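The next block is query-v9.pdb, given as PDB, C-alpha atoms and all ligand atoms.
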ATOM      1  CA  MET A   1     -33.166  36.283   6.582
ATOM      2  CA  ARG A   2     -30.106  34.108   6.899
ATOM      3  CA  PHE A   3     -29.702  34.244   3.128
ATOM      4  CA  LEU A   4     -29.971  38.025   3.205
ATOM      5  CA  LYS A   5     -27.335  38.256   5.905
ATOM      6  CA  LEU A   6     -25.020  35.991   3.946
ATOM      7  CA  SER A   7     -25.579  38.013   0.787
ATOM      8  CA  LEU A   8     -24.828  41.201   2.647
ATOM      9  CA  LEU A   9     -21.661  39.691   4.062
ATOM     10  CA  PHE A  10     -20.617  38.566   0.580
ATOM     11  CA  LEU A  11     -21.253  42.029  -0.821
ATOM     12  CA  LEU A  12     -19.171  43.583   1.916
ATOM     13  CA  ILE A  13     -16.288  41.181   1.380
ATOM     14  CA  SER A  14     -16.294  41.578  -2.395
ATOM     15  CA  GLY A  15     -16.575  45.343  -1.939
ATOM     16  CA  PHE A  16     -13.457  45.315   0.206
ATOM     17  CA  ALA A  17     -11.605  43.162  -2.289
ATOM     18  CA  TYR A  18     -12.476  45.541  -5.106
ATOM     19  CA  ALA A  19     -11.391  48.562  -3.124
ATOM     20  CA  GLN A  20      -8.086  47.028  -2.049
ATOM     21  CA  LYS A  21      -5.841  49.761  -0.790
ATOM     22  CA  TRP A  22      -2.407  49.710  -2.351
ATOM     23  CA  GLU A  23      -0.110  51.326   0.144
ATOM     24  CA  VAL A  24       2.820  53.372  -1.187
ATOM     25  CA  GLY A  25       6.125  51.760  -0.209
ATOM     26  CA  LYS A  26       4.550  48.434   0.670
ATOM     27  CA  THR A  27       5.718  45.261  -1.088
ATOM     28  CA  TYR A  28       3.047  42.725  -2.050
ATOM     29  CA  THR A  29       4.054  39.131  -2.816
ATOM     30  CA  ASP A  30       2.593  35.680  -3.244
ATOM     31  CA  ASP A  31       3.243  33.103  -0.497
ATOM     32  CA  GLU A  32       6.346  31.786  -2.275
ATOM     33  CA  LYS A  33       7.676  35.324  -2.948
ATOM     34  CA  TRP A  34       8.061  34.502  -6.631
ATOM     35  CA  THR A  35       6.591  37.861  -7.608
ATOM     36  CA  GLU A  36       7.243  41.119  -5.757
ATOM     37  CA  PHE A  37       5.295  44.320  -6.325
ATOM     38  CA  THR A  38       6.278  47.531  -4.552
ATOM     39  CA  VAL A  39       3.821  50.387  -4.870
ATOM     40  CA  GLY A  40       5.287  53.696  -5.989
ATOM     41  CA  ASN A  41       4.281  57.349  -5.908
ATOM     42  CA  ILE A  42       5.704  58.658  -9.208
ATOM     43  CA  PRO A  43       4.520  57.797 -12.744
ATOM     44  CA  LEU A  44       7.419  55.435 -13.458
ATOM     45  CA  ILE A  45       6.911  51.675 -13.622
ATOM     46  CA  ILE A  46       9.918  49.345 -13.781
ATOM     47  CA  SER A  47       9.525  45.618 -14.353
ATOM     48  CA  VAL A  48      12.319  43.046 -14.094
ATOM     49  CA  PRO A  49      11.241  39.779 -15.711
ATOM     50  CA  HIS A  50      14.514  37.838 -16.027
ATOM     51  CA  GLY A  51      16.564  38.446 -12.891
ATOM     52  CA  GLY A  52      15.077  35.646 -10.733
ATOM     53  CA  ILE A  53      17.249  32.818  -9.423
ATOM     54  CA  ILE A  54      14.742  30.650  -7.506
ATOM     55  CA  THR A  55      14.737  27.200  -9.089
ATOM     56  CA  LEU A  56      12.271  24.388  -8.425
ATOM     57  CA  PRO A  57      14.231  21.183  -7.863
ATOM     58  CA  HIS A  58      11.334  18.935  -8.874
ATOM     59  CA  GLU A  59      10.392  20.814 -12.033
ATOM     60  CA  ALA A  60      12.126  20.377 -15.379
ATOM     61  CA  ALA A  61      13.472  23.435 -17.175
ATOM     62  CA  ARG A  62      11.258  24.919 -19.907
ATOM     63  CA  ASP A  63      12.046  23.318 -23.231
ATOM     64  CA  CYS A  64       9.280  24.299 -25.632
ATOM     65  CA  LYS A  65      10.179  25.701 -29.065
ATOM     66  CA  GLY A  66      12.088  28.971 -28.814
ATOM     67  CA  ALA A  67      12.408  28.827 -25.017
ATOM     68  CA  VAL A  68      15.278  30.915 -23.662
ATOM     69  CA  THR A  69      16.273  30.167 -20.078
ATOM     70  CA  VAL A  70      19.268  32.408 -19.407
ATOM     71  CA  THR A  71      19.150  34.721 -16.364
ATOM     72  CA  ASP A  72      19.679  38.490 -16.703
ATOM     73  CA  SER A  73      22.062  38.473 -13.770
ATOM     74  CA  LYS A  74      21.939  41.272 -11.185
ATOM     75  CA  THR A  75      19.000  43.078 -12.793
ATOM     76  CA  ILE A  76      16.933  42.726  -9.589
ATOM     77  CA  GLU A  77      19.826  44.202  -7.616
ATOM     78  CA  LEU A  78      20.047  47.008 -10.181
ATOM     79  CA  ALA A  79      16.337  47.834  -9.817
ATOM     80  CA  LYS A  80      16.702  47.871  -6.030
ATOM     81  CA  GLU A  81      19.644  50.259  -6.323
ATOM     82  CA  ILE A  82      17.558  52.539  -8.546
ATOM     83  CA  GLU A  83      14.764  52.403  -5.960
ATOM     84  CA  LYS A  84      17.244  53.363  -3.222
ATOM     85  CA  VAL A  85      18.613  56.358  -5.148
ATOM     86  CA  PHE A  86      15.110  57.642  -5.980
ATOM     87  CA  LEU A  87      14.272  57.544  -2.266
ATOM     88  CA  GLU A  88      17.492  59.185  -1.132
ATOM     89  CA  LYS A  89      17.544  61.905  -3.743
ATOM     90  CA  TYR A  90      13.877  62.727  -4.312
ATOM     91  CA  HIS A  91      11.951  60.897  -1.558
ATOM     92  CA  ALA A  92      10.141  59.364  -4.523
ATOM     93  CA  ARG A  93       9.363  55.781  -5.410
ATOM     94  CA  PRO A  94       8.905  54.168  -8.780
ATOM     95  CA  PHE A  95       6.499  51.211  -9.020
ATOM     96  CA  ILE A  96       8.627  48.051  -9.198
ATOM     97  CA  ILE A  97       7.554  44.568 -10.276
ATOM     98  CA  LEU A  98      10.122  41.764  -9.916
ATOM     99  CA  SER A  99      10.095  38.103 -10.849
ATOM    100  CA  ASN A 100      12.212  36.105  -8.400
ATOM    101  CA  LEU A 101      11.465  32.783 -10.072
ATOM    102  CA  SER A 102      14.077  31.514 -12.523
ATOM    103  CA  ARG A 103      13.434  31.883 -16.229
ATOM    104  CA  LYS A 104      14.158  28.148 -16.428
ATOM    105  CA  HIS A 105      10.575  27.719 -15.184
ATOM    106  CA  LEU A 106       8.742  30.843 -16.265
ATOM    107  CA  ASP A 107       9.553  33.640 -18.724
ATOM    108  CA  GLN A 108       7.809  36.830 -17.626
ATOM    109  CA  ASN A 109       8.518  38.542 -20.950
ATOM    110  CA  ARG A 110       6.489  36.152 -23.116
ATOM    111  CA  ASP A 111       2.824  35.437 -23.755
ATOM    112  CA  ILE A 112       1.437  32.778 -21.402
ATOM    113  CA  GLU A 113       1.947  29.713 -23.647
ATOM    114  CA  GLU A 114       5.635  30.294 -24.288
ATOM    115  CA  ALA A 115       6.147  31.725 -20.787
ATOM    116  CA  THR A 116       4.983  28.528 -19.076
ATOM    117  CA  CYS A 117       5.798  26.062 -21.881
ATOM    118  CA  GLY A 118       2.492  24.424 -20.968
ATOM    119  CA  ASN A 119       3.134  24.088 -17.214
ATOM    120  CA  LYS A 120      -0.346  24.868 -15.870
ATOM    121  CA  ALA A 121       0.959  25.132 -12.311
ATOM    122  CA  LEU A 122       2.755  28.374 -13.187
ATOM    123  CA  GLU A 123      -0.099  30.151 -14.956
ATOM    124  CA  LYS A 124      -1.168  31.799 -11.704
ATOM    125  CA  THR A 125       2.332  33.216 -11.232
ATOM    126  CA  TRP A 126       2.373  34.522 -14.811
ATOM    127  CA  HIS A 127      -0.932  36.289 -14.166
ATOM    128  CA  GLN A 128       0.243  37.757 -10.887
ATOM    129  CA  PHE A 129       3.258  39.472 -12.473
ATOM    130  CA  HIS A 130       1.170  40.962 -15.274
ATOM    131  CA  ASP A 131      -1.759  41.855 -12.981
ATOM    132  CA  ASN A 132       0.747  43.749 -10.826
ATOM    133  CA  ILE A 133       1.975  45.722 -13.851
ATOM    134  CA  ASP A 134      -1.666  46.442 -14.742
ATOM    135  CA  THR A 135      -2.324  47.676 -11.210
ATOM    136  CA  ALA A 136       0.800  49.863 -11.249
ATOM    137  CA  ILE A 137      -0.280  51.395 -14.560
ATOM    138  CA  ALA A 138      -3.835  51.960 -13.293
ATOM    139  CA  LEU A 139      -2.636  53.652 -10.095
ATOM    140  CA  ALA A 140       0.018  55.770 -11.819
ATOM    141  CA  THR A 141      -2.141  56.963 -14.714
ATOM    142  CA  LYS A 142      -5.118  57.672 -12.442
ATOM    143  CA  LYS A 143      -2.985  59.959 -10.322
ATOM    144  CA  PHE A 144      -0.650  61.494 -12.908
ATOM    145  CA  GLY A 145      -2.388  61.120 -16.278
ATOM    146  CA  LYS A 146       0.601  59.599 -18.056
ATOM    147  CA  ALA A 147       3.205  57.025 -17.027
ATOM    148  CA  ILE A 148       6.544  55.748 -18.298
ATOM    149  CA  TYR A 149       7.067  51.990 -18.462
ATOM    150  CA  ILE A 150      10.575  50.488 -18.429
ATOM    151  CA  ASP A 151      11.237  46.772 -18.859
ATOM    152  CA  LEU A 152      14.711  46.180 -17.426
ATOM    153  CA  HIS A 153      16.994  43.426 -18.751
ATOM    154  CA  GLY A 154      20.644  42.451 -19.078
ATOM    155  CA  HIS A 155      22.402  41.352 -22.272
ATOM    156  CA  GLY A 156      25.640  39.473 -22.890
ATOM    157  CA  HIS A 157      26.548  41.112 -26.196
ATOM    158  CA  THR A 158      30.123  42.156 -26.924
ATOM    159  CA  LYS A 159      29.529  45.898 -27.212
ATOM    160  CA  GLN A 160      29.318  47.319 -23.722
ATOM    161  CA  ARG A 161      26.405  49.702 -24.076
ATOM    162  CA  LEU A 162      22.729  49.949 -23.181
ATOM    163  CA  GLU A 163      20.455  48.665 -25.908
ATOM    164  CA  LEU A 164      17.241  50.669 -25.799
ATOM    165  CA  GLY A 165      14.327  48.815 -27.341
ATOM    166  CA  TYR A 166      11.538  50.953 -28.797
ATOM    167  CA  ASN A 167       9.906  48.105 -30.763
ATOM    168  CA  LEU A 168      11.998  49.168 -33.755
ATOM    169  CA  THR A 169      14.496  46.851 -35.404
ATOM    170  CA  ALA A 170      18.118  47.746 -36.072
ATOM    171  CA  THR A 171      17.161  48.080 -39.751
ATOM    172  CA  ASP A 172      14.416  50.551 -38.793
ATOM    173  CA  LEU A 173      16.919  52.568 -36.774
ATOM    174  CA  ARG A 174      19.350  52.741 -39.711
ATOM    175  CA  LYS A 175      16.723  54.373 -41.936
ATOM    176  CA  PRO A 176      16.930  58.091 -42.765
ATOM    177  CA  ASP A 177      15.081  60.388 -40.327
ATOM    178  CA  VAL A 178      12.164  61.087 -42.667
ATOM    179  CA  GLU A 179      11.458  57.373 -43.094
ATOM    180  CA  LYS A 180      12.036  56.681 -39.410
ATOM    181  CA  ASN A 181       9.444  59.241 -38.388
ATOM    182  CA  GLN A 182       6.853  57.262 -40.323
ATOM    183  CA  LEU A 183       7.338  54.392 -37.852
ATOM    184  CA  ALA A 184       5.978  56.397 -34.910
ATOM    185  CA  GLU A 185       2.863  54.232 -34.500
ATOM    186  CA  LYS A 186       4.882  51.026 -34.385
ATOM    187  CA  SER A 187       7.184  52.413 -31.693
ATOM    188  CA  SER A 188       6.892  52.091 -27.924
ATOM    189  CA  VAL A 189       6.603  55.887 -27.618
ATOM    190  CA  ALA A 190       3.570  56.023 -29.930
ATOM    191  CA  ASN A 191       1.208  57.090 -27.141
ATOM    192  CA  LEU A 192       3.374  60.074 -26.177
ATOM    193  CA  LEU A 193       3.735  61.120 -29.812
ATOM    194  CA  ALA A 194      -0.033  60.871 -30.331
ATOM    195  CA  SER A 195      -0.628  63.384 -27.557
ATOM    196  CA  GLN A 196       2.273  65.769 -28.280
ATOM    197  CA  LYS A 197       2.141  66.879 -31.864
ATOM    198  CA  ASN A 198       5.208  69.109 -31.518
ATOM    199  CA  LEU A 199       7.387  66.029 -30.945
ATOM    200  CA  ASP A 200       8.572  63.499 -33.493
ATOM    201  CA  LEU A 201       9.969  59.989 -33.149
ATOM    202  CA  VAL A 202      13.511  60.923 -34.179
ATOM    203  CA  GLN A 203      13.666  63.503 -31.366
ATOM    204  CA  LEU A 204      12.747  60.779 -28.849
ATOM    205  CA  LEU A 205      15.283  58.298 -30.265
ATOM    206  CA  THR A 206      18.330  60.403 -31.093
ATOM    207  CA  GLY A 207      17.467  64.034 -30.333
ATOM    208  CA  GLU A 208      19.027  66.268 -27.666
ATOM    209  CA  THR A 209      16.411  65.198 -25.118
ATOM    210  CA  ALA A 210      16.198  61.498 -26.017
ATOM    211  CA  PHE A 211      16.783  59.117 -23.104
ATOM    212  CA  GLY A 212      19.727  57.536 -24.952
ATOM    213  CA  THR A 213      21.387  60.921 -25.541
ATOM    214  CA  LEU A 214      20.960  62.006 -21.914
ATOM    215  CA  ILE A 215      22.210  58.733 -20.406
ATOM    216  CA  THR A 216      25.215  58.657 -22.781
ATOM    217  CA  SER A 217      26.089  62.214 -21.686
ATOM    218  CA  ALA A 218      25.869  60.968 -18.101
ATOM    219  CA  GLY A 219      28.593  58.416 -18.864
ATOM    220  CA  PHE A 220      26.682  55.301 -19.979
ATOM    221  CA  ASP A 221      26.821  54.522 -23.698
ATOM    222  CA  ALA A 222      23.513  53.673 -25.316
ATOM    223  CA  VAL A 223      21.995  52.936 -28.713
ATOM    224  CA  PRO A 224      19.937  54.616 -30.120
ATOM    225  CA  ALA A 225      21.271  57.984 -28.975
ATOM    226  CA  LYS A 226      22.508  61.151 -30.650
ATOM    227  CA  GLN A 227      26.028  59.796 -30.067
ATOM    228  CA  ASP A 228      25.188  56.350 -31.558
ATOM    229  CA  ILE A 229      22.231  56.511 -33.929
ATOM    230  CA  ALA A 230      21.786  52.815 -34.747
ATOM    231  CA  PRO A 231      23.418  49.398 -34.321
ATOM    232  CA  LEU A 232      25.741  48.393 -37.168
ATOM    233  CA  GLU A 233      24.688  45.501 -39.392
ATOM    234  CA  GLU A 234      27.040  43.110 -37.599
ATOM    235  CA  ASP A 235      25.931  44.191 -34.098
ATOM    236  CA  LYS A 236      23.601  42.142 -31.956
ATOM    237  CA  TYR A 237      20.688  44.234 -30.709
ATOM    238  CA  PHE A 238      17.470  43.658 -28.732
ATOM    239  CA  SER A 239      14.603  45.766 -30.033
ATOM    240  CA  GLY A 240      12.007  45.174 -27.285
ATOM    241  CA  GLY A 241       9.926  42.192 -26.243
ATOM    242  CA  TYR A 242       6.446  41.103 -25.225
ATOM    243  CA  ASN A 243       6.203  43.383 -22.168
ATOM    244  CA  THR A 244       7.337  46.505 -24.003
ATOM    245  CA  ARG A 245       4.920  45.841 -26.873
ATOM    246  CA  ARG A 246       2.028  45.040 -24.533
ATOM    247  CA  TYR A 247       2.319  47.864 -22.037
ATOM    248  CA  THR A 248       3.005  50.633 -24.551
ATOM    249  CA  SER A 249       0.251  49.517 -26.942
ATOM    250  CA  ILE A 250      -2.961  51.357 -27.751
ATOM    251  CA  LYS A 251      -4.645  49.344 -24.963
ATOM    252  CA  TYR A 252      -2.632  51.486 -22.528
ATOM    253  CA  PRO A 253      -3.093  54.873 -24.220
ATOM    254  CA  ASN A 254      -1.488  56.837 -21.368
ATOM    255  CA  VAL A 255       1.670  54.767 -21.212
ATOM    256  CA  PHE A 256       4.873  54.941 -23.230
ATOM    257  CA  GLY A 257       8.341  53.619 -22.533
ATOM    258  CA  TRP A 258      11.101  51.350 -23.733
ATOM    259  CA  GLN A 259      13.089  48.242 -22.915
ATOM    260  CA  ILE A 260      16.536  48.681 -21.391
ATOM    261  CA  GLU A 261      18.981  45.864 -22.102
ATOM    262  CA  SER A 262      21.916  46.692 -19.876
ATOM    263  CA  ASN A 263      25.512  45.553 -20.268
ATOM    264  CA  PHE A 264      27.179  43.871 -17.281
ATOM    265  CA  LYS A 265      30.501  45.654 -16.875
ATOM    266  CA  GLY A 266      30.108  49.038 -15.261
ATOM    267  CA  VAL A 267      26.304  48.842 -15.083
ATOM    268  CA  ARG A 268      25.155  45.590 -13.473
ATOM    269  CA  ASP A 269      28.348  44.621 -11.655
ATOM    270  CA  ALA A 270      28.884  45.636  -8.025
ATOM    271  CA  ALA A 271      30.967  48.689  -8.910
ATOM    272  CA  GLY A 272      28.635  49.830 -11.667
ATOM    273  CA  ARG A 273      25.237  49.564 -10.001
ATOM    274  CA  PRO A 274      25.420  52.592  -7.679
ATOM    275  CA  ALA A 275      26.903  54.795 -10.433
ATOM    276  CA  PHE A 276      24.392  53.694 -13.046
ATOM    277  CA  ALA A 277      21.464  54.031 -10.644
ATOM    278  CA  LYS A 278      22.509  57.603  -9.835
ATOM    279  CA  ALA A 279      22.798  58.511 -13.530
ATOM    280  CA  PHE A 280      19.511  56.777 -14.382
ATOM    281  CA  VAL A 281      17.609  58.633 -11.664
ATOM    282  CA  GLU A 282      19.048  62.018 -12.653
ATOM    283  CA  VAL A 283      18.345  61.424 -16.338
ATOM    284  CA  MET A 284      14.806  60.271 -15.552
ATOM    285  CA  ALA A 285      14.206  63.413 -13.512
ATOM    286  CA  GLN A 286      15.317  65.492 -16.526
ATOM    287  CA  TYR A 287      13.230  63.375 -18.886
ATOM    288  CA  PHE A 288      10.082  63.731 -16.782
ATOM    289  CA  LYS A 289      10.538  67.480 -16.608
ATOM    290  CA  ILE A 290      11.064  67.851 -20.362
ATOM    291  CA  HIS A 291       8.548  65.372 -21.715
ATOM    292  CA  LEU A 292       5.876  65.123 -19.004
ATOM    293  CA  ASN A 293       6.245  68.482 -17.313
ATOM    294  CA  THR A 294       6.492  66.620 -14.010
ATOM    295  CA  SER A 295       8.930  67.116 -11.150
ATOM    296  CA  PHE A 296       9.463  64.656  -8.333
TER     297      PHE A 296
HETATM  298 ZN    ZN B   1      15.943  39.622 -20.466
END

Would you write the structure of this file as structure tokens?
Amino acid sequence: MRFLKLSLLFLLISGFAYAQKWEVGKTYTDDEKWTEFTVGNIPLIISVPHGGIITLPHEAARDCKGAVTVTDSKTIELAKEIEKVFLEKYHARPFIILSNLSRKHLDQNRDIEEATCGNKALEKTWHQFHDNIDTAIALATKKFGKAIYIDLHGHGHTKQRLELGYNLTATDLRKPDVEKNQLAEKSSVANLLASQKNLDLVQLLTGETAFGTLITSAGFDAVPAKQDIAPLEEDKYFSGGYNTRRYTSIKYPNVFGWQIESNFKGVRDAAGRPAFAKAFVEVMAQYFKIHLNTSF
């Protein structure tokens, strides 16, 4: 009898855990607040893997092969500004996942081995960030069918423009349209293209209704866009990383998106953030209407 009671109790507890309610507008964190997840109510998921500044005084910086430890400064502040504008303008909330821990210790845009550089103590934190993105995707796609995923970064390249990463290299982007369209499956918008046969990749990269074209028209230069088709051979350019590849892959058939590598001046700095956030939110509203037939 006692065993039965205990089993029943266990079933109840595990049942509750499974059916955890994710409350819109609530922020969920670990005890240390290294990872923050705010639940949204529109099919837009924004992750910020490199903006964290919490350092661990007793832990060495990551130094495994290929480890990059530079911070994408003010990208957390930029995401929070975007959140604020969405609320003010549309009473809508994107899902937001932030890493507050410094990239010196953990890189939340790498697979677990390179992310932790072998530091087992941080594996749990790596999983939490990615589990939160998984949860956001599950909630958003369950409710809306499709979702857009944006991985938000900051670059230090000379050319002051947004670098939009669609998992296509600069060489890919310099190809003629006909050849470029054959790269649809490799791109981070593959899942949208698979479901909308009237669209092609070139339209989503450099067409009238491409994100890059719309945001450039709103005053923030971007590549690729109709106004700037591809980086030049001498330009530095980020094409998309682990998160963009993972969360727009065939394993997430209802998700598409891109990486945004933002410049500092006029976008991430104190003067730029409110203006960029306003433009981003307006362009996203247009984009959702055109490509997902969704209004906020
Ligand atoms: Zn970054």

Between A:Gln160, A:Asn243, A:Thr209, A:Ser195, which has the minimum distance to ligand ZN 1 (chain B) (counting all atoms listed in the file)? A:Asn243

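Here the PyMOL selection byres (((not hetatm)) within 6 of (chain B and resi 1)) catches exactly these residues: His50, Asp72, His153 and Gly154 of chain A.
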
Could you save the residues just selected, with C-alpha atoms, as a compact mmCIF listing (two decimals), keeping the file's coordinate frame?
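Done, and the output landed in selection_30.txt:
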# COMPACT_ATOMS: atom_id res chain seq x y z
CA HIS A 50 14.51 37.84 -16.03
CA ASP A 72 19.68 38.49 -16.70
CA HIS A 153 16.99 43.43 -18.75
CA GLY A 154 20.64 42.45 -19.08

From the set A:Glu83, A:Leu232, A:Glu36, A:Ala136, which residue has the shortest atom-to-atom contact distance to Asp172 in chain A, counting all atoms listed in the file?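 So, comparing all the options, the nearest one is A:Leu232.
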
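Atom pair CA of Asp134 in chain A / CA of Thr244 in chain A: separated by 12.9 Å.
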
Give the answer as one residue: which of A:Thr171, A:Asn198, A:Asn41, A:Thr141 has the shortest atom-to-atom distance to His91 in chain A, using only C-alpha atoms? A:Asn41

Pick out the residues sitting within 12 Å of Gly219 in chain A, and hand them over as an mmCIF file with C-alpha atoms, keeping the file's coordinate frame; count all atoms listed in the file, and ignore anything fewer than 5 positions along from it in its own chain.
data_model
loop_
_atom_site.group_PDB
_atom_site.id
_atom_site.type_symbol
_atom_site.label_atom_id
_atom_site.label_comp_id
_atom_site.auth_asym_id
_atom_site.auth_seq_id
_atom_site.Cartn_x
_atom_site.Cartn_y
_atom_site.Cartn_z
ATOM 1 C CA ARG A 161 26.405 49.702 -24.076
ATOM 2 C CA LEU A 162 22.729 49.949 -23.181
ATOM 3 C CA GLY A 212 19.727 57.536 -24.952
ATOM 4 C CA THR A 213 21.387 60.921 -25.541
ATOM 5 C CA LEU A 214 20.960 62.006 -21.914
ATOM 6 C CA GLN A 227 26.028 59.796 -30.067
ATOM 7 C CA GLY A 266 30.108 49.038 -15.261
ATOM 8 C CA VAL A 267 26.304 48.842 -15.083
ATOM 9 C CA GLY A 272 28.635 49.830 -11.667
ATOM 10 C CA ALA A 275 26.903 54.795 -10.433
ATOM 11 C CA PHE A 276 24.392 53.694 -13.046
ATOM 12 C CA ALA A 277 21.464 54.031 -10.644
ATOM 13 C CA LYS A 278 22.509 57.603 -9.835
ATOM 14 C CA ALA A 279 22.798 58.511 -13.530
ATOM 15 C CA PHE A 280 19.511 56.777 -14.382
ATOM 16 C CA GLU A 282 19.048 62.018 -12.653
ATOM 17 C CA VAL A 283 18.345 61.424 -16.338
#

d(CA of Asp30 in chain A, CA of Trp258 in chain A) in Å: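 It comes out at 27.2 Å.
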
Coordinates-based distance that separates CA of Leu193 in chain A from CA of Leu152 in chain A (Å, one decimal): 22.3 Å

Spell out the residues picked by the PyMOL selection byres (((chain A and resi 205-208) around 10) and not hetatm) here, as an MDAnalysis selection string. chainID A and resid 164:166 173 177 180 189 200:204 209:214 223:230

Would you pick out the contacts of Glu81 in chain A at 7 Å or less, using only C-alpha atoms, so that residues sharing its chain but fewer than 4 positions from it are not included, and give the list as a ChimeraX atom specification? /A:77,85,273-274,277

Of the candidates A:Lys89, A:Leu199, A:Glu23, A:Lys104, which one gets nearest to Ala60 in chain A if we count only C-alpha atoms?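 When distances to Ala60 in chain A are compared using only C-alpha atoms, the smallest one comes from A:Lys104.
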
Using the chain letters and numbers from this file, what does the PyMOL selection byres (((chain A and resi 68-71) around 12) and not hetatm) select? Give the answer as a PyMOL selection string. chain A and resi 48-55+60-67+72-76+99-110+114-117+153-156

Sel. within 12 Å of pt (5.6, 48.2, -11.5), counting all atoms listed in the file, output as a ChimeraX atom specification: /A:24-25,27-28,35-49,79,83,93-99,128-140,147-152,243,247

Which one is closest to Phe264 in chain A: A:Ser217, A:Gln20, A:Asn119, A:Thr158? Count only C-alpha atoms. A:Thr158

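With distances restricted to only C-alpha atoms, A:Gln259 is the closest residue to Ala222 in chain A from A:Thr248, A:Asn254, A:Gln259, A:Thr125.
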
Taking 4 positions as the minimum chain separation for residues in the same chain, which residues sit within 10 Å of Glu233 in chain A when counting only C-alpha atoms? Answer as JSON, numbers by chain. {"A": [170, 171, 174, 237]}
